[in-house]
>>> print(open('protein-v7.pdb').read())   # PDB, C-alpha atoms and all ligand atoms
ATOM      1  CA  MET Q 941     -14.030 -19.480   0.422  1.00  0.00           C
ATOM      2  CA  ASP Q 942     -10.534 -21.015   0.502  1.00  0.00           C
ATOM      3  CA  THR Q 943      -9.761 -20.725  -3.209  1.00  0.00           C
ATOM      4  CA  VAL Q 944     -10.964 -18.250  -5.815  1.00  0.00           C
ATOM      5  CA  THR Q 945     -10.516 -17.880  -9.550  1.00  0.00           C
ATOM      6  CA  VAL Q 946      -9.638 -14.395 -10.734  1.00  0.00           C
ATOM      7  CA  LYS Q 947      -9.764 -14.069 -14.503  1.00  0.00           C
ATOM      8  CA  ASP Q 948      -7.817 -17.167 -15.622  1.00  0.00           C
ATOM      9  CA  LYS Q 949      -5.819 -17.987 -12.461  1.00  0.00           C
ATOM     10  CA  ARG Q 950      -6.468 -19.795  -9.186  1.00  0.00           C
ATOM     11  CA  PHE Q 951      -5.617 -18.219  -5.843  1.00  0.00           C
ATOM     12  CA  ARG Q 952      -5.604 -19.713  -2.330  1.00  0.00           C
ATOM     13  CA  LEU Q 953      -6.595 -17.833   0.849  1.00  0.00           C
ATOM     14  CA  SER Q 954      -3.428 -16.644   2.600  1.00  0.00           C
ATOM     15  CA  ILE Q 955      -4.367 -13.738   4.913  1.00  0.00           C
ATOM     16  CA  SER Q 956      -7.790 -13.735   6.547  1.00  0.00           C
ATOM     17  CA  ALA Q 957      -9.883 -10.653   7.261  1.00  0.00           C
ATOM     18  CA  ASP Q 958      -9.226 -11.132  11.000  1.00  0.00           C
ATOM     19  CA  GLU Q 959      -5.478 -11.227  10.480  1.00  0.00           C
ATOM     20  CA  LEU Q 960      -5.634  -8.109   8.317  1.00  0.00           C
ATOM     21  CA  HIS Q 961      -7.633  -6.179  10.859  1.00  0.00           C
ATOM     22  CA  ARG Q 962      -5.350  -7.184  13.711  1.00  0.00           C
ATOM     23  CA  ALA Q 963      -2.236  -6.105  11.815  1.00  0.00           C
ATOM     24  CA  ILE Q 964      -3.856  -2.824  10.711  1.00  0.00           C
ATOM     25  CA  GLY Q 965      -4.862  -2.124  14.319  1.00  0.00           C
ATOM     26  CA  GLN Q 966      -1.229  -2.428  15.392  1.00  0.00           C
ATOM     27  CA  VAL Q 967      -0.010  -0.040  12.699  1.00  0.00           C
ATOM     28  CA  ALA Q 968      -2.785   2.438  13.513  1.00  0.00           C
ATOM     29  CA  ALA Q 969      -1.785   2.362  17.199  1.00  0.00           C
ATOM     30  CA  ALA Q 970       1.872   2.962  16.325  1.00  0.00           C
ATOM     31  CA  ILE Q 971       1.006   5.922  14.060  1.00  0.00           C
ATOM     32  CA  THR Q 972      -1.353   7.364  16.674  1.00  0.00           C
ATOM     33  CA  ALA Q 973       1.422   7.253  19.294  1.00  0.00           C
ATOM     34  CA  ASP Q 974       4.184   8.533  16.986  1.00  0.00           C
ATOM     35  CA  TYR Q 975       2.160  11.465  15.620  1.00  0.00           C
ATOM     36  CA  ALA Q 976       0.494  12.581  18.874  1.00  0.00           C
ATOM     37  CA  GLY Q 977       0.199  16.372  18.911  1.00  0.00           C
ATOM     38  CA  ARG Q 978       0.723  16.636  15.128  1.00  0.00           C
ATOM     39  CA  ARG Q 979      -1.693  16.763  12.193  1.00  0.00           C
ATOM     40  CA  PRO Q 980      -0.380  14.315   9.613  1.00  0.00           C
ATOM     41  CA  LEU Q 981      -1.385  14.296   5.955  1.00  0.00           C
ATOM     42  CA  PHE Q 982      -1.996  10.760   4.712  1.00  0.00           C
ATOM     43  CA  LEU Q 983      -1.274  10.311   1.007  1.00  0.00           C
ATOM     44  CA  ALA Q 984      -2.975   7.128  -0.156  1.00  0.00           C
ATOM     45  CA  VAL Q 985      -1.622   5.681  -3.392  1.00  0.00           C
ATOM     46  CA  LEU Q 986      -4.449   4.567  -5.681  1.00  0.00           C
ATOM     47  CA  ASN Q 987      -5.781   2.200  -6.779  1.00  0.00           C
ATOM     48  CA  GLY Q 988      -4.446  -0.545  -4.524  1.00  0.00           C
ATOM     49  CA  SER Q 989      -4.546   1.224  -1.153  1.00  0.00           C
ATOM     50  CA  PHE Q 990      -8.203   2.281  -1.108  1.00  0.00           C
ATOM     51  CA  MET Q 991      -9.389  -0.463   1.237  1.00  0.00           C
ATOM     52  CA  PHE Q 992      -6.356  -0.335   3.508  1.00  0.00           C
ATOM     53  CA  ALA Q 993      -6.525   3.462   3.747  1.00  0.00           C
ATOM     54  CA  ALA Q 994     -10.226   3.352   4.644  1.00  0.00           C
ATOM     55  CA  ASP Q 995      -9.708   0.791   7.409  1.00  0.00           C
ATOM     56  CA  LEU Q 996      -6.490   2.377   8.710  1.00  0.00           C
ATOM     57  CA  LEU Q 997      -7.887   5.911   8.951  1.00  0.00           C
ATOM     58  CA  ARG Q 998     -10.929   4.700  10.880  1.00  0.00           C
ATOM     59  CA  LEU Q 999      -8.510   3.547  13.589  1.00  0.00           C
ATOM     60  CA  VAL Q1000      -6.401   6.716  13.831  1.00  0.00           C
ATOM     61  CA  PRO Q1001      -8.156   9.152  16.179  1.00  0.00           C
ATOM     62  CA  LEU Q1002      -5.770  12.057  15.442  1.00  0.00           C
ATOM     63  CA  PRO Q1003      -6.718  15.261  13.656  1.00  0.00           C
ATOM     64  CA  CYS Q1004      -5.476  14.385  10.166  1.00  0.00           C
ATOM     65  CA  GLU Q1005      -6.077  14.860   6.459  1.00  0.00           C
ATOM     66  CA  ILE Q1006      -6.103  12.429   3.554  1.00  0.00           C
ATOM     67  CA  ALA Q1007      -5.416  12.945  -0.141  1.00  0.00           C
ATOM     68  CA  PHE Q1008      -5.219  10.404  -2.963  1.00  0.00           C
ATOM     69  CA  VAL Q1009      -2.503  10.135  -5.578  1.00  0.00           C
ATOM     70  CA  LYS Q1010      -1.831   7.717  -8.388  1.00  0.00           C
ATOM     71  CA  LEU Q1011       1.500   6.276  -9.520  1.00  0.00           C
ATOM     72  CA  SER Q1012       1.495   2.788 -10.883  1.00  0.00           C
ATOM     73  CA  SER Q1013       4.055   0.407 -12.421  1.00  0.00           C
ATOM     74  CA  TYR Q1014       2.370  -2.944 -12.739  1.00  0.00           C
ATOM     75  CA  ALA Q1015       0.827  -4.942 -15.609  1.00  0.00           C
ATOM     76  CA  GLY Q1016      -0.213  -8.572 -15.115  1.00  0.00           C
ATOM     77  CA  THR Q1017       1.661 -10.556 -12.447  1.00  0.00           C
ATOM     78  CA  HIS Q1018       5.175  -9.174 -13.017  1.00  0.00           C
ATOM     79  CA  THR Q1019       6.554  -5.701 -12.404  1.00  0.00           C
ATOM     80  CA  THR Q1020       7.514  -3.869 -15.565  1.00  0.00           C
ATOM     81  CA  GLY Q1021      10.034  -1.710 -13.717  1.00  0.00           C
ATOM     82  CA  HIS Q1022       8.485   1.189 -15.588  1.00  0.00           C
ATOM     83  CA  VAL Q1023       7.262   3.995 -13.359  1.00  0.00           C
ATOM     84  CA  ARG Q1024       4.482   6.350 -14.422  1.00  0.00           C
ATOM     85  CA  GLN Q1025       3.664   9.921 -13.465  1.00  0.00           C
ATOM     86  CA  LEU Q1026       2.354  11.234 -10.150  1.00  0.00           C
ATOM     87  CA  ILE Q1027      -1.271  12.325 -10.637  1.00  0.00           C
ATOM     88  CA  GLY Q1028      -3.811  13.991  -8.406  1.00  0.00           C
ATOM     89  CA  LEU Q1029      -1.824  15.715  -5.664  1.00  0.00           C
ATOM     90  CA  ASP Q1030      -4.211  18.586  -4.996  1.00  0.00           C
ATOM     91  CA  ARG Q1031      -2.491  20.392  -2.135  1.00  0.00           C
ATOM     92  CA  ASP Q1032       0.779  21.880  -0.947  1.00  0.00           C
ATOM     93  CA  ILE Q1033       2.712  19.387   1.172  1.00  0.00           C
ATOM     94  CA  GLY Q1034       5.443  21.884   2.062  1.00  0.00           C
ATOM     95  CA  GLY Q1035       6.115  21.791   5.827  1.00  0.00           C
ATOM     96  CA  ARG Q1036       3.666  18.922   6.374  1.00  0.00           C
ATOM     97  CA  ASP Q1037       4.141  15.576   8.139  1.00  0.00           C
ATOM     98  CA  VAL Q1038       3.281  13.205   5.288  1.00  0.00           C
ATOM     99  CA  ILE Q1039       2.458   9.508   5.682  1.00  0.00           C
ATOM    100  CA  VAL Q1040       2.400   7.650   2.362  1.00  0.00           C
ATOM    101  CA  VAL Q1041      -0.137   4.808   2.433  1.00  0.00           C
ATOM    102  CA  GLU Q1042       0.565   1.926   0.012  1.00  0.00           C
ATOM    103  CA  ASP Q1043      -0.966  -1.492  -0.514  1.00  0.00           C
ATOM    104  CA  ILE Q1044       2.310  -3.301  -1.102  1.00  0.00           C
ATOM    105  CA  VAL Q1045       6.022  -2.624  -1.458  1.00  0.00           C
ATOM    106  CA  ASP Q1046       7.446  -5.203  -3.861  1.00  0.00           C
ATOM    107  CA  THR Q1047      10.639  -4.137  -5.700  1.00  0.00           C
ATOM    108  CA  GLY Q1048      10.336  -0.751  -3.967  1.00  0.00           C
ATOM    109  CA  LEU Q1049      10.856   1.116  -7.248  1.00  0.00           C
ATOM    110  CA  THR Q1050       7.420   2.727  -7.193  1.00  0.00           C
ATOM    111  CA  MET Q1051       7.896   3.962  -3.630  1.00  0.00           C
ATOM    112  CA  GLN Q1052      11.453   5.158  -4.261  1.00  0.00           C
ATOM    113  CA  HIS Q1053      10.262   7.214  -7.210  1.00  0.00           C
ATOM    114  CA  LEU Q1054       7.298   8.619  -5.291  1.00  0.00           C
ATOM    115  CA  LEU Q1055       9.449   9.559  -2.284  1.00  0.00           C
ATOM    116  CA  GLY Q1056      11.852  11.410  -4.590  1.00  0.00           C
ATOM    117  CA  ARG Q1057       8.966  13.429  -6.031  1.00  0.00           C
ATOM    118  CA  LEU Q1058       7.527  14.193  -2.596  1.00  0.00           C
ATOM    119  CA  GLN Q1059      10.868  15.192  -1.036  1.00  0.00           C
ATOM    120  CA  ALA Q1060      11.294  17.794  -3.784  1.00  0.00           C
ATOM    121  CA  MET Q1061       8.148  19.498  -2.429  1.00  0.00           C
ATOM    122  CA  ARG Q1062       9.862  20.054   0.937  1.00  0.00           C
ATOM    123  CA  PRO Q1063       7.553  18.355   3.432  1.00  0.00           C
ATOM    124  CA  LYS Q1064       8.561  18.496   7.100  1.00  0.00           C
ATOM    125  CA  SER Q1065       8.742  14.689   7.182  1.00  0.00           C
ATOM    126  CA  VAL Q1066       7.710  11.709   5.070  1.00  0.00           C
ATOM    127  CA  SER Q1067       7.156   8.190   6.319  1.00  0.00           C
ATOM    128  CA  VAL Q1068       5.976   5.073   4.519  1.00  0.00           C
ATOM    129  CA  CYS Q1069       3.067   2.961   5.733  1.00  0.00           C
ATOM    130  CA  THR Q1070       2.398  -0.170   3.706  1.00  0.00           C
ATOM    131  CA  LEU Q1071      -0.058  -2.950   4.318  1.00  0.00           C
ATOM    132  CA  LEU Q1072       2.290  -5.555   2.855  1.00  0.00           C
ATOM    133  CA  LEU Q1073       6.021  -5.820   2.340  1.00  0.00           C
ATOM    134  CA  LYS Q1074       7.834  -8.459   0.294  1.00  0.00           C
ATOM    135  CA  PRO Q1075      11.321  -8.135   1.820  1.00  0.00           C
ATOM    136  CA  GLY Q1076      12.692 -10.777  -0.548  1.00  0.00           C
ATOM    137  CA  LYS Q1077      11.834  -8.665  -3.594  1.00  0.00           C
ATOM    138  CA  LEU Q1078      13.176  -5.282  -2.450  1.00  0.00           C
ATOM    139  CA  GLN Q1079      15.657  -3.949  -5.030  1.00  0.00           C
ATOM    140  CA  VAL Q1080      16.420  -0.554  -3.530  1.00  0.00           C
ATOM    141  CA  PRO Q1081      17.220   0.677  -0.003  1.00  0.00           C
ATOM    142  CA  LEU Q1082      13.958   1.955   1.442  1.00  0.00           C
ATOM    143  CA  ASP Q1083      13.020   3.053   4.940  1.00  0.00           C
ATOM    144  CA  VAL Q1084       9.583   1.454   5.438  1.00  0.00           C
ATOM    145  CA  ARG Q1085       8.571   2.778   8.847  1.00  0.00           C
ATOM    146  CA  TYR Q1086       5.240   0.961   9.083  1.00  0.00           C
ATOM    147  CA  ALA Q1087       4.611  -2.429   7.465  1.00  0.00           C
ATOM    148  CA  ALA Q1088       1.509  -4.217   8.736  1.00  0.00           C
ATOM    149  CA  LEU Q1089       2.527  -7.631   7.365  1.00  0.00           C
ATOM    150  CA  GLN Q1090       5.575  -9.160   5.682  1.00  0.00           C
ATOM    151  CA  ILE Q1091       4.877 -11.784   3.033  1.00  0.00           C
ATOM    152  CA  PRO Q1092       6.833 -14.148   0.734  1.00  0.00           C
ATOM    153  CA  ASN Q1093       7.568 -13.318  -2.904  1.00  0.00           C
ATOM    154  CA  ASP Q1094       4.350 -14.814  -4.322  1.00  0.00           C
ATOM    155  CA  PHE Q1095       1.811 -12.840  -6.321  1.00  0.00           C
ATOM    156  CA  ILE Q1096      -1.336 -11.976  -4.366  1.00  0.00           C
ATOM    157  CA  VAL Q1097      -4.790 -10.461  -4.923  1.00  0.00           C
ATOM    158  CA  GLY Q1098      -7.598  -9.103  -2.780  1.00  0.00           C
ATOM    159  CA  TYR Q1099      -8.181  -6.349  -0.237  1.00  0.00           C
ATOM    160  CA  GLY Q1100      -7.433  -3.702  -2.876  1.00  0.00           C
ATOM    161  CA  LEU Q1101      -4.787  -5.611  -4.843  1.00  0.00           C
ATOM    162  CA  ASP Q1102      -5.608  -6.745  -8.349  1.00  0.00           C
ATOM    163  CA  TYR Q1103      -4.702  -9.191 -11.069  1.00  0.00           C
ATOM    164  CA  ASP Q1104      -5.288  -7.409 -14.383  1.00  0.00           C
ATOM    165  CA  GLY Q1105      -7.829  -5.101 -12.764  1.00  0.00           C
ATOM    166  CA  LEU Q1106      -9.802  -7.868 -11.060  1.00  0.00           C
ATOM    167  CA  GLY Q1107      -9.959  -9.109  -7.470  1.00  0.00           C
ATOM    168  CA  ARG Q1108      -9.673  -5.780  -5.650  1.00  0.00           C
ATOM    169  CA  ASN Q1109     -13.077  -6.301  -4.001  1.00  0.00           C
ATOM    170  CA  LEU Q1110     -12.112  -9.552  -2.256  1.00  0.00           C
ATOM    171  CA  PRO Q1111     -12.203  -8.874   1.509  1.00  0.00           C
ATOM    172  CA  GLN Q1112      -9.239 -11.173   2.212  1.00  0.00           C
ATOM    173  CA  ILE Q1113      -5.870 -11.801   0.561  1.00  0.00           C
ATOM    174  CA  TYR Q1114      -5.250 -14.734  -1.775  1.00  0.00           C
ATOM    175  CA  THR Q1115      -1.981 -16.138  -3.154  1.00  0.00           C
ATOM    176  CA  LEU Q1116      -1.489 -17.373  -6.720  1.00  0.00           C
ATOM    177  CA  VAL Q1117      -1.502 -21.168  -6.974  1.00  0.00           C
ATOM    178  CA  PRO Q1118       1.444 -22.146  -9.169  1.00  0.00           C
TER     179      PRO Q1118
HETATM  180  P1  LIG Q1201       6.983  -2.114  -6.798  1.00  0.00           P
HETATM  181  O1  LIG Q1201       7.337  -0.859  -7.546  1.00  0.00           O
HETATM  182  O2  LIG Q1201       7.604  -3.313  -7.447  1.00  0.00           O
HETATM  183  O3  LIG Q1201       7.306  -2.047  -5.337  1.00  0.00           O
HETATM  184  O4  LIG Q1201       5.449  -2.346  -6.999  1.00  0.00           O
HETATM  185  C1  LIG Q1201       4.501  -1.699  -6.293  1.00  0.00           C
HETATM  186  C2  LIG Q1201       3.135  -1.850  -6.914  1.00  0.00           C
HETATM  187  O5  LIG Q1201       3.011  -3.046  -7.673  1.00  0.00           O
HETATM  188  C3  LIG Q1201       2.088  -1.969  -5.827  1.00  0.00           C
HETATM  189  O6  LIG Q1201       1.593  -0.701  -5.472  1.00  0.00           O
HETATM  190  C4  LIG Q1201       1.040  -2.854  -6.442  1.00  0.00           C
HETATM  191  O7  LIG Q1201       0.110  -2.074  -7.142  1.00  0.00           O
HETATM  192  C5  LIG Q1201       1.800  -3.707  -7.430  1.00  0.00           C
HETATM  193  N1  LIG Q1201       2.077  -5.066  -6.880  1.00  0.00           N
HETATM  194  C6  LIG Q1201       3.233  -5.523  -6.375  1.00  0.00           C
HETATM  195  N2  LIG Q1201       3.144  -6.796  -5.983  1.00  0.00           N
HETATM  196  C7  LIG Q1201       1.862  -7.166  -6.234  1.00  0.00           C
HETATM  197  C8  LIG Q1201       1.126  -8.402  -6.025  1.00  0.00           C
HETATM  198  O8  LIG Q1201       1.613  -9.423  -5.507  1.00  0.00           O
HETATM  199  N3  LIG Q1201      -0.181  -8.374  -6.416  1.00  0.00           N
HETATM  200  C9  LIG Q1201      -0.783  -7.273  -6.964  1.00  0.00           C
HETATM  201  N4  LIG Q1201      -0.122  -6.127  -7.174  1.00  0.00           N
HETATM  202  C10 LIG Q1201       1.184  -6.061  -6.812  1.00  0.00           C
END
>>> encode(input="protein-v7.pdb", output="structure tokens", more="lines below")
Ligand code: IMP
Amino acid sequence: MDTVTVKDKRFRLSISADELHRAIGQVAAAITADYAGRRPLFLAVLNGSFMFAADLLRLVPLPCEIAFVKLSSYAGTHTTGHVRQLIGLDRDIGGRDVIVVEDIVDTGLTMQHLLGRLQAMRPKSVSVCTLLLKPGKLQVPLDVRYAALQIPNDFIVGYGLDYDGLGRNLPQIYTLVP
């Protein structure tokens, strides 16, 4: 399946399932080495990171916990720059080694806002693990410790990422055809 239609737009295959799993394996190995002897708390940012988080955690053989939070800023294919509230954090992260798991860092505004909220809760450490990074779109200085793949500025869907709520179930990543 080299092209797909999601809602009213065409998308072309850009990152295969094999490529995704290879890149995720490398990030999982890096986290496993860096956090040896610790018990990190993964905070997966819904909705986009559900598939990535599931595949990543399967490959991290450390004692660890996972919780899911929600903080979204996107409508359609362009960022609104408007950041919403943090929902769903059901435990104390004070003194914990937190790893934030995101699907994609685009402008970085969502992550910057989230990190500000988390730092106020006094964790021992916070690091960012994203499946995808668009370095060309970054608008704020952000320390992204783990980025599985870097991609161009194009809009993408699949593997958890959506276009107007659709396409999250695609097992590979597709790029918008202009
Ligand atoms: P940022 O605040 O601009 O970094 O946007 C982050 C959020 O926007 C991500 O968590 C995604 O939900 C969404 N997003 C950014 N780029 C894309 C894309 O190319 N396709 C689908 N969603 C995206």
>>> atom_distance(input="protein-v7.pdb", atom1="atom C10 of ligand LIG 1201 (chain Q)", atom2="atom CA of Q:Phe990")
13.8 Å
>>> resolve_selection(input="protein-v7.pdb", expression="the PyMOL selection byres (((chain Q and resi 965) around 12) and not hetatm)", output="PDB file with C-alpha atoms, keeping the file's coordinate frame")
ATOM      1  CA  ASP Q 958      -9.226 -11.132  11.000  1.00  0.00           C
ATOM      2  CA  GLU Q 959      -5.478 -11.227  10.480  1.00  0.00           C
ATOM      3  CA  LEU Q 960      -5.634  -8.109   8.317  1.00  0.00           C
ATOM      4  CA  HIS Q 961      -7.633  -6.179  10.859  1.00  0.00           C
ATOM      5  CA  ARG Q 962      -5.350  -7.184  13.711  1.00  0.00           C
ATOM      6  CA  ALA Q 963      -2.236  -6.105  11.815  1.00  0.00           C
ATOM      7  CA  ILE Q 964      -3.856  -2.824  10.711  1.00  0.00           C
ATOM      8  CA  GLN Q 966      -1.229  -2.428  15.392  1.00  0.00           C
ATOM      9  CA  VAL Q 967      -0.010  -0.040  12.699  1.00  0.00           C
ATOM     10  CA  ALA Q 968      -2.785   2.438  13.513  1.00  0.00           C
ATOM     11  CA  ALA Q 969      -1.785   2.362  17.199  1.00  0.00           C
ATOM     12  CA  ALA Q 970       1.872   2.962  16.325  1.00  0.00           C
ATOM     13  CA  ILE Q 971       1.006   5.922  14.060  1.00  0.00           C
ATOM     14  CA  THR Q 972      -1.353   7.364  16.674  1.00  0.00           C
ATOM     15  CA  PHE Q 992      -6.356  -0.335   3.508  1.00  0.00           C
ATOM     16  CA  ASP Q 995      -9.708   0.791   7.409  1.00  0.00           C
ATOM     17  CA  LEU Q 996      -6.490   2.377   8.710  1.00  0.00           C
ATOM     18  CA  LEU Q 997      -7.887   5.911   8.951  1.00  0.00           C
ATOM     19  CA  ARG Q 998     -10.929   4.700  10.880  1.00  0.00           C
ATOM     20  CA  LEU Q 999      -8.510   3.547  13.589  1.00  0.00           C
ATOM     21  CA  VAL Q1000      -6.401   6.716  13.831  1.00  0.00           C
ATOM     22  CA  PRO Q1001      -8.156   9.152  16.179  1.00  0.00           C
ATOM     23  CA  LEU Q1071      -0.058  -2.950   4.318  1.00  0.00           C
ATOM     24  CA  TYR Q1086       5.240   0.961   9.083  1.00  0.00           C
ATOM     25  CA  ALA Q1087       4.611  -2.429   7.465  1.00  0.00           C
ATOM     26  CA  ALA Q1088       1.509  -4.217   8.736  1.00  0.00           C
ATOM     27  CA  LEU Q1089       2.527  -7.631   7.365  1.00  0.00           C
TER      28      LEU Q1089
END
>>> resolve_selection(input="protein-v7.pdb", expression="the PyMOL selection byres (((chain Q and resi 1116) around 6) and not hetatm)", output="PDB file with C-alpha atoms, in the coordinates of the input")
ATOM      1  CA  PHE Q 951      -5.617 -18.219  -5.843  1.00  0.00           C
ATOM      2  CA  PHE Q1095       1.811 -12.840  -6.321  1.00  0.00           C
ATOM      3  CA  ILE Q1096      -1.336 -11.976  -4.366  1.00  0.00           C
ATOM      4  CA  THR Q1115      -1.981 -16.138  -3.154  1.00  0.00           C
ATOM      5  CA  VAL Q1117      -1.502 -21.168  -6.974  1.00  0.00           C
TER       6      VAL Q1117
END
>>> residues_near_point(input="protein-v7.pdb", point="(-4.6, -19.9, -8.9)", cutoff="9 Å", atoms="only C-alpha atoms", output="PyMOL selection string")
chain Q and resi 943-946+948-952+1114-1118
>>> resolve_selection(input="protein-v7.pdb", expression="the PyMOL selection byres (((chain Q and resi 1042) around 8) and not hetatm)", output="JSON, numbers by chain")
{"Q": [984, 985, 988, 989, 1040, 1041, 1043, 1044, 1045, 1068, 1069, 1070, 1071]}
>>> atom_distance(input="protein-v7.pdb", atom1="atom CA of Q:Leu1082", atom2="atom CA of Q:Leu1049")
9.3 Å
>>> atom_distance(input="protein-v7.pdb", atom1="atom CA of Q:Ile1027", atom2="atom CA of Q:Lys1010")
5.2 Å
>>> closest_residue(input="protein-v7.pdb", among="Q:Leu1078, Q:Val1066, Q:Ile1033, Q:Met1061", to="Q:Asp1046", atoms="all atoms listed in the file")
Q:Leu1078
>>> residues_around(input="protein-v7.pdb", residues="Q:Lys1074", least_positions_apart="2", cutoff="6 Å", atoms="only C-alpha atoms", output="compact mmCIF listing (two decimals) with C-alpha atoms, in the coordinates of the input")
# COMPACT_ATOMS: atom_id res chain seq x y z
CA ASP Q 1046 7.45 -5.20 -3.86
CA GLY Q 1076 12.69 -10.78 -0.55
CA LYS Q 1077 11.83 -8.66 -3.59
CA GLN Q 1090 5.58 -9.16 5.68
CA ILE Q 1091 4.88 -11.78 3.03
CA PRO Q 1092 6.83 -14.15 0.73
CA ASN Q 1093 7.57 -13.32 -2.90
>>> closest_residue(input="protein-v7.pdb", among="Q:Val1084, Q:Leu1002, Q:Leu1026, Q:Ile1113", to="Q:Gly1098", atoms="all atoms listed in the file")
Q:Ile1113
>>> residues_near_point(input="protein-v7.pdb", point="(6.1, 22.1, 4.1)", cutoff="10 Å", atoms="only C-alpha atoms", output="list in words")
Asp1032, Ile1033, Gly1034, Gly1035, Arg1036, Asp1037, Val1038, Gln1059, Met1061, Arg1062, Pro1063, Lys1064 and Ser1065 of chain Q
>>> closest_residue(input="protein-v7.pdb", among="Q:Ala976, Q:Cys1004, Q:Leu1106, Q:Met1051", to="ligand LIG 1201 (chain Q)", atoms="only C-alpha atoms and all ligand atoms")
Q:Met1051
